[in-house]
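Undergrad: One structure is given below, represented as structure tokens, and several questions about it will come after.
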Amino acid sequence: MSKEILVNVESRETRVAVIEDGKLAEVYVEREERVVGSIYKCRVSNVLAGMDAAFVDIGLEKNAFLYVADALPEVSEISHSHRQPNVRIKDVLKVGQELLVQVMKGPRGTKGARVSARISLPGRFLVLMPDADNVGVSRKIESEAERHRLKKAADELKPKGFGLIVRTEGEGASEAELREDLKFLLRMWNRVLEKAADVPAPALVHQDLSLIYKTIRDVFSADISKMTIDSPVDYEKAIEILELSSPRLRSKLRLYDEPTPIFDRYGIEDELDNLLRRKVWLKSGGHLAIDQTEALTTFDVNTGKFIGSTSLSDTILRTNLESVSEIARQLRLRDIGGIIVIDFIDMLTLGDRKKVVAALEKELGKDRTRTKISHISPLGLVEMTRKRTGETLTEFATEPCPHCHGIGRVPTAETISLKAERYLRKAIAETNGEAYYILANPDVAIRLIGTEGAVVEEMERRFKRALYIRSNALFDPEYFDIQPGNMVEMDREMIPVKEGDTVECEIIQNPFTELPRASAWYEGFLIEIPNGGTKIGQRETVKIEKVSRSFAFGSV
């Protein structure tokens, strides 16, 4: 089986596609800011005795929060009961003190990140914990014999002054593999210490590569023919990781630098759109209906347009067998976990049922995520479970439909804005215009503009094109229009206000800003209003103070 990995990196989203024999097999998406898991050299800004916590400067916009328990060294289960319960933050930290911390939770809203001085570095099989002294094995490894073997191996490998945990992925790993993983983690920790010694606080000393790092750690192995990344920066970081962890795989890494977006080049984009649909067609003409509920996910197999050629039982068996490979594929693609019920078409003979179950077990054997299946029932139902690793693709990329009160789901405005950004990149490659006009629903347009124009300005820098983003309240949220044009003409015809103008408009709350900041749309043109928070929902006269291509600043 030929396997390759494609990585698409954008400013707000990273996507990874795993291709097996020319077909999309797995897809992973990440939109969070790459902060969680990163290690910073910080400086203590404020010690709060009343909260037993401190605020530390790690170099981000807001100071991070460090609780006293997270500032103390890790302890083993044996010594845990001997920890002094009356340790206070003022006994541990002083204003101006510098130390290494790791981000546990990213900044959200008005809150800064939460950090811990208990640093942990995850590898493929192990987690290394500097300044700890305990050894553990993942509770998800159920075999007592295997747990004992791994515990013994970890005890022998553990360096003095470090803690070590065997991850779930370590099940079945040889002692040599564990030793190589530990060497990689120790090299990584030494590089953290070297950088921390060279830079003044606050500073980032180790950035968790997040999705790309996890892909290299968990997916990129000897059976992968190549891994292609379309970002030069992340390509260089991937090289750095491979040189530390798996130098033999370095030759399989590729940089994609063609003008056509990488997912369009390989035909992935259309397949991703189909992953949000309920119905999946089979080659024969049959289809699957996939429904996700809070309790479980169901797959309903239907013959559809397939009428067969010999007998009814043969038609049913062939449809069920064909559906098996697609069901296993959809489980991986959509990352569906939890309880799963498959409603195969009723089969009359025990032999046919055994063939279908055997085929399903074989296909699920290709899945890296743990699965368990039961026997098929007389009704043609198969109950199974698949380890839940997080949100499914549907949960991640969609939200309850506001028009049907949650009965169905529609793509989020963020998902549509990211899609528009990809279409813009494709339009630039095809038309090579100097400026582009983007018309979208207000919820999508405001995300394309971003807080104080941060998103559109970043796109203009990256694409080296002038962008004019406008809203149309009559547009369906999923619809947008992108047109190339002349920058001089667009400046003259498409900016409806100039500095000093006064306009009447309805004040709205901007989802990306906090009160008293607000916004307004004027002829589809966004106006940021720092003092408009008390006027939300009212029509007010606004004076224009500063004008850009896609937005302006004004005041009530």
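Every chain in the structure tokens has a letter given in the order shown (A, B, ...), and although residue numbers restart at 1 in each chain, ligands are simply numbered from 1 in the order shown.
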Could you give me, as a ChimeraX atom specification, the residues within 12 Å of Phe220 of chain A, counting only C-alpha atoms and dropping anything in the same chain fewer than 3 positions from it?

TA: /A:3-7,16-19,124,212-217,223-228,238,241-242,245-246,248-250,252-253

Undergrad: So which residues of segment 28-248 of chain A fall under helix (DSSP H, G or I) by DSSP, listed as an MDAnalysis selection string?

TA: chainID A and resid 49:51 68:71 80:82 89:92 144:157 168:170 175:198 210:218 232:245 247:248

Undergrad: Report the residues of segment 105-320 of chain A whose backbone DSSP state falls under strand (DSSP E or B), written as a PyMOL selection string.

TA: chain A and resi 105+108+111+114-116+121-122+126-130+135-137+162-166+203-206+226-229+253-255+279-281+287-292+296-302

Undergrad: Neighbours of Thr513 of chain A within 12 Å (only C-alpha atoms; same-chain residues fewer than 6 positions away dropped), as a PyMOL selection string?

TA: chain A and resi 109-110+446-447+450-453+519+528-533

Undergrad: Return the single residue from A:Ser210, A:Asn472, A:Asn320, A:Thr392 that is closest to Gly380 of chain A, with distances computed using only C-alpha atoms.

TA: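 That would be A:Asn320, the residue with the smallest distance to Gly380 of chain A.
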
Undergrad: Considering only C-alpha atoms, state which residue in the set A:Pro400, A:Gly338, A:Gly112, A:Pro159 is at the smallest distance from Arg370 of chain A.

TA: A:Gly338

Undergrad: What is the atom CA of Tyr67 of chain A to atom CA of Ala201 of chain A distance in Å?

TA: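 Computing the Euclidean distance for atom CA of Tyr67 of chain A and atom CA of Ala201 of chain A yields 19.5 Å.
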
Undergrad: Which is closer to Val280 of chain A than all the others in A:Gly267, A:Gly304, A:Pro122, A:Gly136, using only C-alpha atoms?

TA: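 With only C-alpha atoms as the atom set, the closest residue is A:Gly304.
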
Undergrad: Find the residue from A:Asp352, A:Asp264, A:Glu506, A:Asp443 that sits nearest to Arg425 of chain A; use only C-alpha atoms when measuring.

TA: A:Asp264

Undergrad: When you count only C-alpha atoms, which of these residues is closest to Val410 of chain A: A:Gly500, A:Gly524, A:Gly172, A:Pro477?

TA: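 Closest candidate: A:Pro477.
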